[in-house]
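query-v6.cif follows (mmCIF, C-alpha atoms):
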```cif
data_protein
#
loop_
_atom_site.group_PDB
_atom_site.id
_atom_site.type_symbol
_atom_site.label_atom_id
_atom_site.label_comp_id
_atom_site.auth_asym_id
_atom_site.auth_seq_id
_atom_site.Cartn_x
_atom_site.Cartn_y
_atom_site.Cartn_z
ATOM 1 C CA MET A 1 147.337 116.944 28.784
ATOM 2 C CA ALA A 2 144.538 117.296 31.315
ATOM 3 C CA ARG A 3 142.752 120.640 31.461
ATOM 4 C CA GLU A 4 141.744 122.088 34.756
ATOM 5 C CA GLU A 5 138.573 124.145 34.891
ATOM 6 C CA LEU A 6 139.123 127.519 36.509
ATOM 7 C CA LYS A 7 136.418 128.907 38.739
ATOM 8 C CA TRP A 8 136.056 132.666 39.120
ATOM 9 C CA GLN A 9 136.105 133.832 42.706
ATOM 10 C CA ASN A 10 135.563 137.352 43.995
ATOM 11 C CA ILE A 11 137.708 138.242 46.971
ATOM 12 C CA ASP A 12 137.073 141.249 49.194
ATOM 13 C CA ALA A 13 140.322 143.211 49.481
ATOM 14 C CA ASP A 14 139.631 143.731 53.191
ATOM 15 C CA ASP A 15 139.874 139.949 53.675
ATOM 16 C CA LEU A 16 143.437 139.795 52.311
ATOM 17 C CA PRO A 17 146.458 139.503 54.606
ATOM 18 C CA ALA A 18 147.940 142.936 55.430
ATOM 19 C CA GLU A 19 151.009 142.611 53.159
ATOM 20 C CA VAL A 20 148.864 141.493 50.195
ATOM 21 C CA LYS A 21 146.280 144.238 50.828
ATOM 22 C CA LYS A 22 149.098 146.805 50.804
ATOM 23 C CA SER A 23 150.192 145.557 47.364
ATOM 24 C CA PHE A 24 146.584 145.517 46.162
ATOM 25 C CA ASP A 25 146.029 149.105 47.303
ATOM 26 C CA ALA A 26 149.242 150.194 45.536
ATOM 27 C CA MET A 27 148.088 148.472 42.331
ATOM 28 C CA VAL A 28 144.693 150.214 42.457
ATOM 29 C CA GLU A 29 146.350 153.583 43.037
ATOM 30 C CA ALA A 30 148.837 153.024 40.191
ATOM 31 C CA GLU A 31 146.074 151.997 37.766
ATOM 32 C CA ALA A 32 144.047 155.112 38.658
ATOM 33 C CA ALA A 33 147.098 157.336 38.112
ATOM 34 C CA PHE A 34 147.834 155.617 34.775
ATOM 35 C CA LYS A 35 144.231 156.095 33.606
ATOM 36 C CA ALA A 36 144.290 159.792 34.557
ATOM 37 C CA ASP A 37 147.642 160.291 32.770
ATOM 38 C CA LEU A 38 146.444 158.486 29.632
ATOM 39 C CA GLU A 39 143.172 160.422 29.568
ATOM 40 C CA ARG A 40 145.070 163.721 29.956
ATOM 41 C CA LEU A 41 147.474 162.748 27.156
ATOM 42 C CA LEU A 42 144.646 161.764 24.777
ATOM 43 C CA LYS A 43 142.794 165.026 25.458
ATOM 44 C CA ASN A 44 145.935 167.178 25.122
ATOM 45 C CA GLU A 45 146.789 165.582 21.761
ATOM 46 C CA GLY A 46 143.231 165.999 20.459
ATOM 47 C CA HIS A 47 142.387 162.280 20.315
ATOM 48 C CA MET A 48 139.635 162.582 22.900
ATOM 49 C CA PRO A 49 136.988 165.317 23.364
ATOM 50 C CA GLU A 50 137.045 167.172 26.693
ATOM 51 C CA ASP A 51 133.463 166.153 27.536
ATOM 52 C CA LYS A 52 134.193 162.396 27.309
ATOM 53 C CA PHE A 53 135.791 159.964 29.753
ATOM 54 C CA LEU A 54 137.973 156.911 29.347
ATOM 55 C CA VAL A 55 136.932 153.345 30.188
ATOM 56 C CA MET A 56 139.708 150.783 30.384
ATOM 57 C CA SER A 57 139.891 147.019 30.617
ATOM 58 C CA ARG A 58 143.116 145.121 31.164
ATOM 59 C CA LYS A 59 143.879 141.466 30.585
ATOM 60 C CA GLY A 60 147.514 140.574 31.062
ATOM 61 C CA LYS A 61 149.600 142.928 28.952
ATOM 62 C CA ARG A 62 146.666 143.910 26.713
ATOM 63 C CA LEU A 63 144.764 147.115 27.361
ATOM 64 C CA GLY A 64 141.359 147.923 25.956
ATOM 65 C CA CYS A 65 140.251 151.583 25.922
ATOM 66 C CA SER A 66 136.987 153.211 24.991
ATOM 67 C CA VAL A 67 135.923 156.857 25.022
ATOM 68 C CA CYS A 68 132.449 157.275 26.517
ATOM 69 C CA GLU A 69 129.914 160.024 27.119
ATOM 70 C CA HIS A 70 128.644 160.990 30.539
ATOM 71 C CA VAL A 71 125.052 159.813 30.825
ATOM 72 C CA THR A 72 122.655 161.404 33.306
ATOM 73 C CA ARG A 73 119.279 159.946 34.102
#
```

Turn the structure described in the file into structure tokens.
Amino acid sequence: MAREELKWQNIDADDLPAEVKKSFDAMVEAEAAFKADLERLLKNEGHMPEDKFLVMSRKGKRLGCSVCEHVTR
């Protein structure tokens, strides 16, 4: 079977058609709400210190999470 090479392409959300941009904006809002809910849950259950923040990475149905410190320079 022939393999096709995929090329990564960054797309500016403002360049999307209106109906696609609406879906994109809803996805971004839902992901932010999910992250806030998960961070609150982890802190309330004692799995995450109050002075840390959550960094997430998603690939398909897999979710990677890391607890990080605030760094000031």

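Atom CA of Glu19 of chain A is positioned 22.5 Å from atom CA of Gly60 of chain A.
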
>> Once the PyMOL selection byres ((chain A and resi 51-53) around 9) has been evaluated on this model, what residues remain selected, and can you format them as a list in words?
In response: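 Applied to this file, the PyMOL selection byres ((chain A and resi 51-53) around 9) returns Glu39, Met48, Pro49, Glu50, Leu54, Val55, Ser66, Val67, Cys68, Glu69 and His70 of chain A.
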
> What does the distance between atom CA of Phe34 of chain A and atom CA of Met56 of chain A come to in Å, to one decimal place?
Replying inline: 10.4 Å

> How many Å separate atom CA of Asn10 of chain A from atom CA of Glu31 of chain A?
Replying inline: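 According to the coordinates, atom CA of Asn10 of chain A and atom CA of Glu31 of chain A are separated by 19.1 Å.
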
> A:Ala13, A:Leu6, A:Ala18, A:Cys65: which is nearest Leu42 of chain A, counting all atoms listed in the file?
Replying inline: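 Distance minimum relative to Leu42 of chain A lands on A:Cys65.
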
> Given the choices A:His47, A:Arg40, A:Arg3, A:Lys35, which gets closest to Leu63 of chain A if the distance is worked out from only C-alpha atoms?
Replying inline: A:Lys35
